[in-house]
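Next up, work.txt (compact mmCIF, C-alpha atoms (C1' of nucleotides)):
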# COMPACT_ATOMS: atom_id res chain seq x y z
CA MET A 453 -2.92 13.21 9.93
CA GLN A 454 -0.34 12.98 12.64
CA ILE A 455 1.91 10.04 13.43
CA SER A 456 2.45 9.59 17.14
CA LYS A 457 5.80 10.47 18.60
CA GLY A 458 5.87 7.01 20.17
CA VAL A 459 6.32 5.52 16.72
CA GLU A 460 9.58 7.37 16.30
CA TRP A 461 10.81 6.21 19.69
CA ALA A 462 9.77 2.63 19.14
CA ALA A 463 11.47 2.57 15.75
CA HIS A 464 14.74 3.88 17.15
CA ALA A 465 14.52 1.42 20.03
CA ALA A 466 13.94 -1.47 17.65
CA VAL A 467 16.89 -0.46 15.52
CA LEU A 468 19.04 -0.35 18.62
CA LEU A 469 17.88 -3.83 19.64
CA SER A 470 18.70 -5.07 16.15
CA ALA A 471 22.33 -4.18 16.77
CA LEU A 472 22.52 -6.75 19.56
CA PRO A 473 23.50 -10.37 18.94
CA THR A 474 20.78 -13.01 19.15
CA GLY A 475 19.72 -13.84 22.68
CA ARG A 476 20.64 -10.51 24.20
CA GLY A 477 18.44 -7.54 24.99
CA LEU A 478 18.05 -4.28 26.85
CA LYS A 479 15.78 -3.17 29.63
CA ALA A 480 13.27 -0.39 29.06
CA GLU A 481 15.13 2.05 31.25
CA ALA A 482 18.32 1.60 29.18
CA LEU A 483 16.43 2.12 25.93
CA ALA A 484 14.98 5.34 27.31
CA ARG A 485 18.34 6.54 28.63
CA TYR A 486 20.03 5.87 25.29
CA HIS A 487 17.84 8.48 23.60
CA SER A 488 17.18 10.68 26.64
CA VAL A 489 13.42 10.19 26.53
CA PRO A 490 11.01 9.80 29.47
CA GLY A 491 11.44 6.29 30.84
CA PRO A 492 7.85 5.33 31.66
CA TYR A 493 6.52 6.46 28.30
CA MET A 494 9.26 4.59 26.49
CA ALA A 495 8.25 1.52 28.49
CA LYS A 496 4.68 2.01 27.33
CA GLN A 497 5.76 1.85 23.71
CA MET A 498 7.79 -1.27 24.38
CA GLN A 499 4.71 -2.87 25.91
CA ALA A 500 2.87 -2.19 22.69
CA LEU A 501 5.67 -3.81 20.70
CA SER A 502 5.49 -6.77 23.08
CA LYS A 503 1.73 -7.18 22.63
CA ALA A 504 2.23 -7.08 18.87
CA GLY A 505 4.77 -9.88 19.08
CA ILE A 506 7.64 -7.79 17.77
CA VAL A 507 9.77 -8.09 20.90
CA GLN A 508 10.04 -10.80 23.50
CA THR A 509 10.18 -9.87 27.15
CA ALA A 510 11.67 -11.32 30.27
CA ARG A 511 10.59 -10.20 33.69
CA GLY A 512 12.48 -10.36 36.93
CA LYS A 513 15.90 -9.18 37.90
CA HIS A 514 17.61 -9.81 34.59
CA GLY A 515 14.58 -8.86 32.56
CA GLY A 516 14.44 -6.81 29.40
CA TYR A 517 13.43 -6.74 25.76
CA ARG A 518 14.84 -8.51 22.73
CA LEU A 519 13.62 -8.81 19.17
CA ALA A 520 11.22 -11.70 18.69
CA ARG A 521 12.33 -12.43 15.13
CA PRO A 522 15.20 -11.57 12.80
CA ALA A 523 15.59 -7.86 12.13
CA GLY A 524 15.10 -8.46 8.42
CA GLU A 525 11.57 -9.66 9.12
CA ILE A 526 10.51 -6.57 11.09
CA THR A 527 9.34 -3.66 8.97
CA LEU A 528 8.61 -0.07 9.89
CA TRP A 529 4.96 -0.81 9.11
CA ASP A 530 4.96 -3.53 11.78
CA ILE A 531 6.23 -1.04 14.32
CA MET A 532 3.84 1.69 13.31
CA THR A 533 0.77 -0.53 13.51
CA ALA A 534 1.96 -1.91 16.84
CA ILE A 535 1.94 1.60 18.30
CA GLU A 536 -0.86 3.32 16.40
CA GLY A 537 -3.19 0.41 15.76
CA SER A 538 -4.03 -1.00 12.37
CA LYS A 539 -7.23 0.92 11.72
CA SER A 540 -7.15 2.93 8.51
CA ALA A 541 -6.44 6.65 8.71
CA PHE A 542 -9.45 7.69 6.64
CA THR A 543 -12.75 6.66 8.17
CA CYS A 544 -15.72 6.87 5.85
CA THR A 545 -18.85 7.89 7.73
CA GLU A 546 -21.05 7.28 4.71
CA ILE A 547 -22.49 10.76 4.62
CA ARG A 548 -23.50 10.04 1.02
CA GLN A 549 -26.45 8.17 2.54
CA ASN A 550 -27.64 11.25 4.41
CA GLY A 551 -29.68 14.22 3.41
CA PRO A 552 -32.39 14.91 0.87
CA CYS A 553 -30.57 13.09 -1.96
CA GLY A 554 -29.14 10.28 0.14
CA ALA A 555 -27.75 7.35 -1.79
CA THR A 556 -29.86 4.22 -1.84
CA PRO A 557 -28.47 1.05 -0.22
CA GLU A 558 -27.93 -0.63 -3.58
CA GLN A 559 -25.65 2.22 -4.66
CA CYS A 560 -23.55 1.54 -1.60
CA ARG A 561 -22.58 -1.93 -2.72
CA LYS A 562 -19.43 -0.37 -4.07
CA LYS A 563 -17.30 1.63 -1.72
CA CYS A 564 -17.65 5.42 -1.78
CA ALA A 565 -15.28 6.78 -4.45
CA ILE A 566 -13.66 9.19 -2.02
CA ALA A 567 -13.03 6.49 0.55
CA ALA A 568 -11.66 4.22 -2.16
CA ALA A 569 -9.19 6.87 -3.28
CA PHE A 570 -7.95 7.44 0.25
CA HIS A 571 -7.65 3.75 0.92
CA ALA A 572 -5.63 3.30 -2.26
CA ALA A 573 -3.30 6.03 -1.04
CA GLU A 574 -2.99 4.30 2.30
CA VAL A 575 -2.06 1.08 0.53
CA ALA A 576 0.74 2.92 -1.24
CA PHE A 577 1.87 4.30 2.11
CA ARG A 578 1.77 0.88 3.74
CA GLU A 579 3.64 -0.88 0.97
CA SER A 580 6.37 1.73 1.07
CA LEU A 581 6.87 1.16 4.79
CA GLN A 582 6.64 -2.60 4.45
CA ALA A 583 9.60 -2.49 2.09
CA ILE A 584 11.88 -1.13 4.81
CA SER A 585 13.06 -3.51 7.52
CA LEU A 586 15.24 -2.81 10.51
CA VAL A 587 18.19 -4.17 8.54
CA GLU A 588 17.98 -1.43 5.93
CA ILE A 589 17.60 1.23 8.61
CA ALA A 590 20.58 -0.06 10.56
CA ALA A 591 22.67 -0.18 7.40
CA GLY A 592 21.75 3.40 6.57
CA VAL A 593 22.64 4.61 10.03
CA ALA A 594 25.93 2.75 10.02
CA ALA A 595 26.87 4.17 6.63
CA ASP A 596 26.49 7.72 7.96
CA SER A 597 28.39 7.15 11.20
CA PRO A 598 32.13 7.56 11.64
CA ARG A 599 33.96 4.50 12.92
CA LYS A 600 34.58 6.11 16.28
CA HIS A 601 30.87 6.58 16.90
CA LEU A 602 30.13 2.96 16.06
CA ARG A 603 32.75 1.87 18.58
CA ASN A 604 31.12 4.02 21.26
CA VAL A 605 27.74 2.48 20.56
CA GLY A 606 29.23 -1.01 20.63
CA ALA A 607 30.86 -0.37 23.97
CA TRP A 608 27.67 1.07 25.44
CA LEU A 609 25.65 -1.91 24.26
CA GLU A 610 28.18 -4.35 25.68
CA LYS A 611 27.90 -2.63 29.02
CA GLU A 612 24.08 -2.50 29.12
CA ALA A 613 23.02 -5.66 27.32
CA VAL A 614 21.46 -8.51 29.26
CA ALA A 615 21.00 -12.14 28.28
CA ILE A 616 17.41 -13.10 27.50
CA GLY A 617 16.71 -16.70 26.65
CA MET B 978 -2.42 8.59 12.18
CA GLN B 979 -5.94 9.87 11.86
CA ILE B 980 -7.40 11.90 9.03
CA SER B 981 -9.82 14.54 10.25
CA LYS B 982 -13.50 14.02 9.61
CA GLY B 983 -13.57 17.49 8.07
CA VAL B 984 -11.55 16.18 5.14
CA GLU B 985 -14.32 13.79 4.25
CA TRP B 986 -16.93 16.53 4.45
CA ALA B 987 -14.87 18.98 2.44
CA ALA B 988 -14.23 16.37 -0.24
CA HIS B 989 -17.92 15.55 -0.60
CA ALA B 990 -18.77 19.24 -0.66
CA ALA B 991 -16.19 19.92 -3.37
CA VAL B 992 -17.53 17.05 -5.46
CA LEU B 993 -21.00 18.50 -5.12
CA LEU B 994 -19.77 21.91 -6.21
CA SER B 995 -18.09 20.31 -9.21
CA ALA B 996 -21.50 19.19 -10.42
CA LEU B 997 -22.57 22.81 -10.85
CA PRO B 998 -22.03 24.74 -14.08
CA THR B 999 -19.37 27.43 -14.11
CA GLY B 1000 -20.36 30.58 -12.31
CA ARG B 1001 -22.80 29.01 -9.93
CA GLY B 1002 -22.34 27.96 -6.34
CA LEU B 1003 -23.94 26.92 -3.08
CA LYS B 1004 -24.05 28.54 0.32
CA ALA B 1005 -22.51 26.77 3.31
CA GLU B 1006 -25.84 26.01 4.88
CA ALA B 1007 -27.00 24.21 1.74
CA LEU B 1008 -23.81 22.16 1.58
CA ALA B 1009 -24.31 21.12 5.19
CA ARG B 1010 -27.97 20.30 4.67
CA TYR B 1011 -27.21 18.18 1.62
CA HIS B 1012 -25.21 15.74 3.75
CA SER B 1013 -27.00 16.34 7.07
CA VAL B 1014 -23.91 17.55 8.87
CA PRO B 1015 -23.64 20.36 11.43
CA GLY B 1016 -23.84 23.64 9.55
CA PRO B 1017 -21.29 25.75 11.41
CA TYR B 1018 -18.65 23.07 11.30
CA MET B 1019 -19.22 22.53 7.62
CA ALA B 1020 -18.78 26.27 7.18
CA LYS B 1021 -15.49 26.04 9.01
CA GLN B 1022 -14.19 23.52 6.51
CA MET B 1023 -15.34 25.70 3.63
CA GLN B 1024 -13.41 28.60 5.12
CA ALA B 1025 -10.30 26.44 5.06
CA LEU B 1026 -10.92 25.62 1.39
CA SER B 1027 -11.37 29.32 0.75
CA LYS B 1028 -8.10 30.24 2.44
CA ALA B 1029 -6.34 27.58 0.37
CA GLY B 1030 -7.73 29.11 -2.82
CA ILE B 1031 -9.73 26.03 -3.78
CA VAL B 1032 -13.09 27.77 -3.67
CA GLN B 1033 -14.09 31.35 -4.32
CA THR B 1034 -16.52 33.06 -2.01
CA ALA B 1035 -19.11 35.75 -2.29
CA ARG B 1036 -20.53 37.49 0.74
CA GLY B 1037 -23.80 39.23 1.09
CA LYS B 1038 -27.31 38.21 0.38
CA HIS B 1039 -26.59 36.04 -2.65
CA GLY B 1040 -23.32 34.77 -1.26
CA GLY B 1041 -21.95 31.29 -1.38
CA TYR B 1042 -19.09 29.10 -2.53
CA ARG B 1043 -17.99 28.02 -5.99
CA LEU B 1044 -14.91 26.22 -7.23
CA ALA B 1045 -12.03 28.56 -7.94
CA ARG B 1046 -10.64 26.46 -10.81
CA PRO B 1047 -11.76 23.61 -13.05
CA ALA B 1048 -12.64 20.41 -11.18
CA GLY B 1049 -9.96 18.55 -13.10
CA GLU B 1050 -7.31 20.72 -11.49
CA ILE B 1051 -8.43 20.09 -7.91
CA THR B 1052 -7.06 16.91 -6.38
CA LEU B 1053 -7.95 15.14 -3.16
CA TRP B 1054 -4.49 16.06 -1.92
CA ASP B 1055 -5.32 19.73 -2.36
CA ILE B 1056 -8.42 19.31 -0.25
CA MET B 1057 -6.68 17.30 2.42
CA THR B 1058 -3.83 19.77 2.84
CA ALA B 1059 -6.31 22.64 2.89
CA ILE B 1060 -8.05 21.10 5.91
CA GLU B 1061 -5.22 19.33 7.73
CA GLY B 1062 -2.32 21.58 6.84
CA SER B 1063 0.65 20.57 4.75
CA LYS B 1064 3.02 19.60 7.52
CA SER B 1065 4.29 16.03 7.18
CA ALA B 1066 2.68 13.34 9.29
CA PHE B 1067 5.95 12.02 10.69
CA THR B 1068 7.86 14.60 12.67
CA CYS B 1069 11.46 13.70 13.37
CA THR B 1070 12.54 15.03 16.75
CA GLU B 1071 16.16 14.06 16.15
CA ILE B 1072 16.47 11.89 19.20
CA ARG B 1073 19.51 10.34 17.55
CA GLN B 1074 21.38 13.41 18.75
CA ASN B 1075 20.46 12.74 22.36
CA GLY B 1076 21.89 10.50 24.99
CA PRO B 1077 25.31 9.05 25.77
CA CYS B 1078 25.97 8.04 22.14
CA GLY B 1079 24.35 11.04 20.49
CA ALA B 1080 25.10 11.53 16.83
CA THR B 1081 27.55 14.29 15.97
CA PRO B 1082 26.33 17.24 13.89
CA GLU B 1083 28.26 16.10 10.83
CA GLN B 1084 26.40 12.79 10.85
CA CYS B 1085 23.17 14.71 10.71
CA ARG B 1086 23.90 16.22 7.34
CA LYS B 1087 21.88 13.39 5.90
CA LYS B 1088 18.36 12.91 7.16
CA CYS B 1089 17.75 10.27 9.78
CA ALA B 1090 17.13 6.95 8.01
CA ILE B 1091 13.86 6.39 9.85
CA ALA B 1092 12.55 9.83 8.98
CA ALA B 1093 13.64 9.33 5.37
CA ALA B 1094 11.69 6.07 5.14
CA PHE B 1095 8.55 7.66 6.54
CA HIS B 1096 8.85 10.64 4.28
CA ALA B 1097 9.23 8.37 1.28
CA ALA B 1098 6.04 6.62 2.32
CA GLU B 1099 4.30 9.96 2.64
CA VAL B 1100 5.42 10.87 -0.87
CA ALA B 1101 3.80 7.68 -2.14
CA PHE B 1102 0.64 8.61 -0.25
CA ARG B 1103 0.64 12.12 -1.63
CA GLU B 1104 1.24 11.10 -5.21
CA SER B 1105 -1.59 8.64 -5.03
CA LEU B 1106 -3.99 11.35 -3.86
CA GLN B 1107 -2.64 13.87 -6.35
CA ALA B 1108 -3.61 11.51 -9.15
CA ILE B 1109 -7.30 11.75 -8.25
CA SER B 1110 -9.15 14.92 -9.15
CA LEU B 1111 -12.75 15.85 -8.51
CA VAL B 1112 -13.55 14.80 -12.05
CA GLU B 1113 -12.60 11.18 -11.43
CA ILE B 1114 -14.54 11.15 -8.17
CA ALA B 1115 -17.63 12.59 -9.78
CA ALA B 1116 -17.40 10.11 -12.63
CA GLY B 1117 -17.15 7.22 -10.17
CA VAL B 1118 -20.13 8.43 -8.20
CA ALA B 1119 -22.20 8.93 -11.34
CA ALA B 1120 -21.36 5.45 -12.60
CA ASP B 1121 -22.74 3.89 -9.43
CA SER B 1122 -25.92 5.96 -9.30
CA PRO B 1123 -29.19 5.04 -10.99
CA ARG B 1124 -30.55 7.61 -13.42
CA LYS B 1125 -33.36 8.52 -11.10
CA HIS B 1126 -31.00 9.51 -8.33
CA LEU B 1127 -28.99 11.72 -10.67
CA ARG B 1128 -32.20 13.51 -11.65
CA ASN B 1129 -33.02 14.12 -8.01
CA VAL B 1130 -29.59 15.60 -7.37
CA GLY B 1131 -29.89 17.76 -10.47
CA ALA B 1132 -33.25 19.11 -9.36
CA TRP B 1133 -31.98 19.82 -5.87
CA LEU B 1134 -28.97 21.67 -7.21
CA GLU B 1135 -31.13 23.71 -9.58
CA LYS B 1136 -33.25 24.74 -6.65
CA GLU B 1137 -30.38 25.68 -4.30
CA ALA B 1138 -27.72 27.01 -6.63
CA VAL B 1139 -26.86 30.68 -6.62
CA ALA B 1140 -25.01 32.74 -9.19
CA ILE B 1141 -21.53 33.80 -8.13
CA GLY B 1142 -19.53 35.98 -10.43
C1' DG C 1348 29.63 -28.44 53.22
C1' DT C 1349 25.14 -28.73 50.98
C1' DC C 1350 20.37 -28.31 50.28
C1' DT C 1351 16.07 -25.92 51.16
C1' DT C 1352 13.55 -21.90 51.78
C1' DA C 1353 12.19 -17.43 52.44
C1' DA C 1354 13.26 -12.65 51.88
C1' DT C 1355 14.71 -9.31 48.46
C1' DA C 1356 15.80 -6.45 44.72
C1' DC C 1357 14.74 -5.52 40.28
C1' DT C 1358 11.98 -6.07 36.07
C1' DC C 1359 7.59 -5.70 33.08
C1' DG C 1360 2.42 -4.80 32.95
C1' DG C 1361 -1.76 -2.24 33.37
C1' DA C 1362 -4.38 1.56 35.53
C1' DT C 1363 -4.16 6.65 36.28
C1' DA C 1364 -3.61 12.27 35.66
C1' DT C 1365 -2.42 16.01 32.35
C1' DT C 1366 -2.03 18.27 28.08
C1' DA C 1367 -3.00 19.19 23.09
C1' DC C 1368 -5.99 18.83 19.39
C1' DT C 1369 -10.18 17.75 16.93
C1' DT C 1370 -15.03 18.65 17.02
C1' DG C 1371 -18.83 21.65 17.52
C1' DT C 1372 -20.74 26.44 18.28
C1' DC C 1373 -21.33 31.26 18.53
C1' DC C 1374 -21.36 36.30 17.34
C1' DG C 1375 -19.33 40.18 14.51
C1' DA C 1376 -17.83 41.99 9.54
C1' DG C 1377 -19.45 42.71 4.96
C1' DT C 1378 -22.67 43.10 0.75
C1' DA C 1379 -26.85 42.99 -2.46
C1' DT C 1380 -31.49 43.89 -1.94
C1' DT C 1381 -35.22 46.90 -1.23
C1' DA C 1382 -38.25 50.10 0.61
C1' DG C 1383 -38.91 54.93 1.02
C1' DA C 1384 -38.41 59.75 0.44
C1' DG C 1385 -37.28 63.53 -2.47
C1' DG C 1386 -36.95 65.69 -6.98
C1' DC D 1256 -42.15 58.36 -12.65
C1' DC D 1257 -37.17 58.23 -11.70
C1' DT D 1258 -33.13 58.52 -8.59
C1' DC D 1259 -30.67 58.61 -4.51
C1' DT D 1260 -30.20 56.99 0.17
C1' DA D 1261 -30.55 54.49 4.17
C1' DA D 1262 -32.28 50.58 6.49
C1' DT D 1263 -32.34 45.60 6.24
C1' DA D 1264 -31.83 40.85 5.64
C1' DC D 1265 -28.74 37.53 4.62
C1' DT D 1266 -24.03 35.76 3.81
C1' DC D 1267 -19.01 34.60 5.10
C1' DG D 1268 -15.12 35.23 8.61
C1' DG D 1269 -12.76 34.62 12.79
C1' DA D 1270 -13.05 34.04 17.89
C1' DC D 1271 -14.96 30.87 21.60
C1' DA D 1272 -16.27 26.19 24.57
C1' DA D 1273 -16.67 20.93 24.91
C1' DG D 1274 -15.19 16.29 24.05
C1' DT D 1275 -11.62 13.05 22.82
C1' DA D 1276 -7.12 11.14 22.05
C1' DA D 1277 -2.14 11.54 22.69
C1' DT D 1278 1.42 12.39 26.28
C1' DA D 1279 3.51 11.56 30.62
C1' DT D 1280 3.42 9.05 35.08
C1' DC D 1281 2.63 6.00 38.90
C1' DC D 1282 1.98 1.65 41.58
C1' DG D 1283 1.03 -3.47 41.51
C1' DA D 1284 2.34 -8.40 39.40
C1' DG D 1285 6.08 -11.47 38.58
C1' DT D 1286 10.92 -13.67 38.60
C1' DA D 1287 16.06 -14.62 39.38
C1' DT D 1288 19.12 -13.70 42.89
C1' DT D 1289 20.85 -14.44 47.35
C1' DA D 1290 21.46 -14.98 51.92
C1' DA D 1291 20.25 -17.41 55.97
C1' DG D 1292 19.19 -21.54 58.40
C1' DA D 1293 18.61 -26.52 58.96
C1' DC D 1294 20.52 -31.01 58.02
As structure tokens, what does this structure read like?
Amino acid sequence: MQISKGVEWAAHAAVLLSALPTGRGLKAEALARYHSVPGPYMAKQMQALSKAGIVQTARGKHGGYRLARPAGEITLWDIMTAIEGSKSAFTCTEIRQNGPCGATPEQCRKKCAIAAAFHAAEVAFRESLQAISLVEIAAGVAADSPRKHLRNVGAWLEKEAVAIG
Amino acid sequence: MQISKGVEWAAHAAVLLSALPTGRGLKAEALARYHSVPGPYMAKQMQALSKAGIVQTARGKHGGYRLARPAGEITLWDIMTAIEGSKSAFTCTEIRQNGPCGATPEQCRKKCAIAAAFHAAEVAFRESLQAISLVEIAAGVAADSPRKHLRNVGAWLEKEAVAIG
DNA sequence: GTCTTAATACTCGGATATTACTTGTCCGAGTATTAGAGG
DNA sequence: CCTCTAATACTCGGACAAGTAATATCCGAGTATTAAGAC
């Protein structure tokens, strides 16, 4: 039960992109530099977000990443599944069918009770994350930041942002 | 985000132990044989349950494992944390403090908004699992099993069970 | 001066090593049985 | 025949390899710029 570190990076990167006006973006190297994380691995996470349709990309000299849809329509669950994959955390190997008292096929119509309990818990986890979009995250971050810090971030973004149509 | 296979095995083993009357238990080899899983690895999971205080052990010739408390007081969350450890799935590395616009220490009084959202989701996950005890699992399994199968299991348990004081 | 074109510089994308962890296995520590010898 | 003792057989407990996935990295594919050359 371990969430990949890439999820954290991708989430922070997405929040940063959400601070940009529509039509502007950042290149992978800038996203990595902003948080002082290894550039190539950051790029790998951004590729995953791209394949999941969360960010749009532009190649070439003025290339970079921008959000593919409004920040309010991108949840933390979207980002997590983009990086980790959408397979469920608990995988039932149906060991109830094994051994001297193995369950008969007709008993297995219904899902194994243990698997069902874990899947219900995962649903609760998913719904909690689906309730949080980049907008709420950005608002929370802004509320905790002094005005001076927000100005610094704004200036940095203005310097690094590129136009992506 | 992957739950160890050992959690599944330990959960099934605990449910099996809950079917025994108080004061009786099973040895690790029997638990493994019941589900046709590798014996030594099954034993490893049982050791984890033992260290977590979920099962009591007896060594020696008539050794084995029995539940340490009533099945109604053992939840799936207990079993999962016993195997996987109780550290949270999302680890915040505080990358918001890095880079050219790193957050100042006073901003970090409050938890990072992203980490807070993930931890809230984990709480929902945990509470869902804490609501399910071995009793509910056993009841669900029994409801789906034909009478004949339950008799087979009962006979097998009677044959393999050992007395553990 | 203007248009075409080819070279170029800079970006993303996928394939490639390295490390950490889960999975699977082994041998030593510990205890009730039990066989045997002595009383 | 009973009791004490020591050997024994069987269990759990922690230490030890093998396989797999996460982490970190590199080089090739693709595009806007741009500079040169022809008209």
Surrounding residues of D:DT1280 excluding itself and chain neighbours under 6 positions, 10 Å, all atoms listed in the file, as an NGL selection string: (:A and (490-493)) or (:C and (1363-1365))
Find the spatial neighbours of C:DA1382, counting all atoms listed in the file, within a cut-off of 12 Å - ignore same-chain residues fewer than 4 positions away - and output them as a ChimeraX atom specification. /D:1260-1263
Would you write out, as a Markdown table, a table of all residues in chain C that have an atom no more than 7 Å from an atom of chain B, listing for each the closest atom pair and the distance in Å to one decimal, considering only C-alpha atoms (C1' of nucleotides) and ordering rows by chain and rising residue number?
| residue | atom | partner | partner_atom | distance |
| --- | --- | --- | --- | --- |
| C:DG1371 | C1' | B:Tyr1018 | CA | 6.4 |
| C:DT1372 | C1' | B:Pro1017 | CA | 6.9 |
| C:DG1377 | C1' | B:Gly1037 | CA | 6.8 |
| C:DT1378 | C1' | B:Gly1037 | CA | 4.0 |
| C:DA1379 | C1' | B:Lys1038 | CA | 5.6 |
Chain B residues near chain A within 6 Å, closest pair each, using only C-alpha atoms, as a tab-separated table:
residue	atom	partner	partner_atom	distance
B:Met978	CA	A:Ile455	CA	4.7
B:Gln979	CA	A:Ala541	CA	4.5
B:Ile980	CA	A:Met453	CA	4.8
B:Tyr1011	CA	A:Gly551	CA	5.0
B:His1012	CA	A:Gly551	CA	4.7
B:Ser1013	CA	A:Gly551	CA	5.0
B:Ala1066	CA	A:Gln454	CA	4.5
B:Phe1067	CA	A:Ile455	CA	5.3
B:Ile1072	CA	A:His487	CA	5.7
B:Asn1075	CA	A:His487	CA	5.2
B:Gly1076	CA	A:His487	CA	4.7
B:Gln1084	CA	A:Asp596	CA	5.8
B:Ala1090	CA	A:Ile589	CA	5.8
B:Ala1098	CA	A:Phe577	CA	4.8
B:Ala1101	CA	A:Ala576	CA	5.7
B:Phe1102	CA	A:Ala573	CA	4.8
B:Ser1105	CA	A:Ala573	CA	5.1
B:Ile1114	CA	A:Ala565	CA	5.8
B:Asp1121	CA	A:Gln559	CA	5.8
B:Ser1122	CA	A:Gln559	CA	6.0
What is the atom CA of A:Leu472 to atom CA of A:Leu609 distance in Å? 7.4 Å
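With distances restricted to only C-alpha atoms (C1' of nucleotides), D:DA1264 is the closest residue to chain B from D:DA1264, D:DC1281, D:DC1256, D:DA1287.
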Residue hits in chain D, query chain A, radius 8 Å, only C-alpha atoms (C1' of nucleotides), as a ChimeraX atom specification: /D:1277,1279-1280,1285-1288
Residues within 10 Å of C:DA1376, please, as a ChimeraX atom specification. Count only C-alpha atoms (C1' of nucleotides); anything in the same chain fewer than 6 positions from it doesn't count. /D:1267-1269
Within 10 Å of A:Ala495, counting all atoms listed in the file, which residues show up once you throw out same-chain ones fewer than 3 positions away? Write them as an mmCIF file with C-alpha atoms (C1' of nucleotides), keeping the file's coordinate frame, please.
data_model
loop_
_atom_site.group_PDB
_atom_site.id
_atom_site.type_symbol
_atom_site.label_atom_id
_atom_site.label_comp_id
_atom_site.auth_asym_id
_atom_site.auth_seq_id
_atom_site.Cartn_x
_atom_site.Cartn_y
_atom_site.Cartn_z
ATOM 1 C CA ALA A 462 9.770 2.630 19.140
ATOM 2 C CA LYS A 479 15.780 -3.170 29.630
ATOM 3 C CA ALA A 480 13.270 -0.390 29.060
ATOM 4 C CA GLU A 481 15.130 2.050 31.250
ATOM 5 C CA LEU A 483 16.430 2.120 25.930
ATOM 6 C CA ALA A 484 14.980 5.340 27.310
ATOM 7 C CA PRO A 490 11.010 9.800 29.470
ATOM 8 C CA GLY A 491 11.440 6.290 30.840
ATOM 9 C CA PRO A 492 7.850 5.330 31.660
ATOM 10 C CA MET A 498 7.790 -1.270 24.380
ATOM 11 C CA GLN A 499 4.710 -2.870 25.910
ATOM 12 C CA ALA A 500 2.870 -2.190 22.690
ATOM 13 C CA LEU A 501 5.670 -3.810 20.700
ATOM 14 C "C1'" DC C 1359 7.590 -5.700 33.080
ATOM 15 C "C1'" DG C 1360 2.420 -4.800 32.950
#
Enter the distance from atom CA of B:Ser995 to atom CA of B:Val1112, in Å, rounded to one decimal. 7.7 Å
Would you mind reading off the distance between atom CA of A:Leu469 and atom C1' of C:DA1362, one decimal, in Å? 27.9 Å
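When all atoms listed in the file are used to compute distances to D:DC1265, the closest of the residues C:DT1380, C:DC1373, C:DT1351, C:DT1366 turns out to be C:DT1380.
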Closest to C:DT1355 among D:DT1278, D:DT1258, D:DT1289, D:DC1294, using all atoms listed in the file?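 Result for the nearest residue to C:DT1355: D:DT1289.
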Around the point (16.9, -10.3, 28.4) in the file's coordinates, collect all residues with an atom within 7 Å, using all atoms listed in the file, and return them as a ChimeraX atom specification. /A:476-478,509-510,514-518,614-617
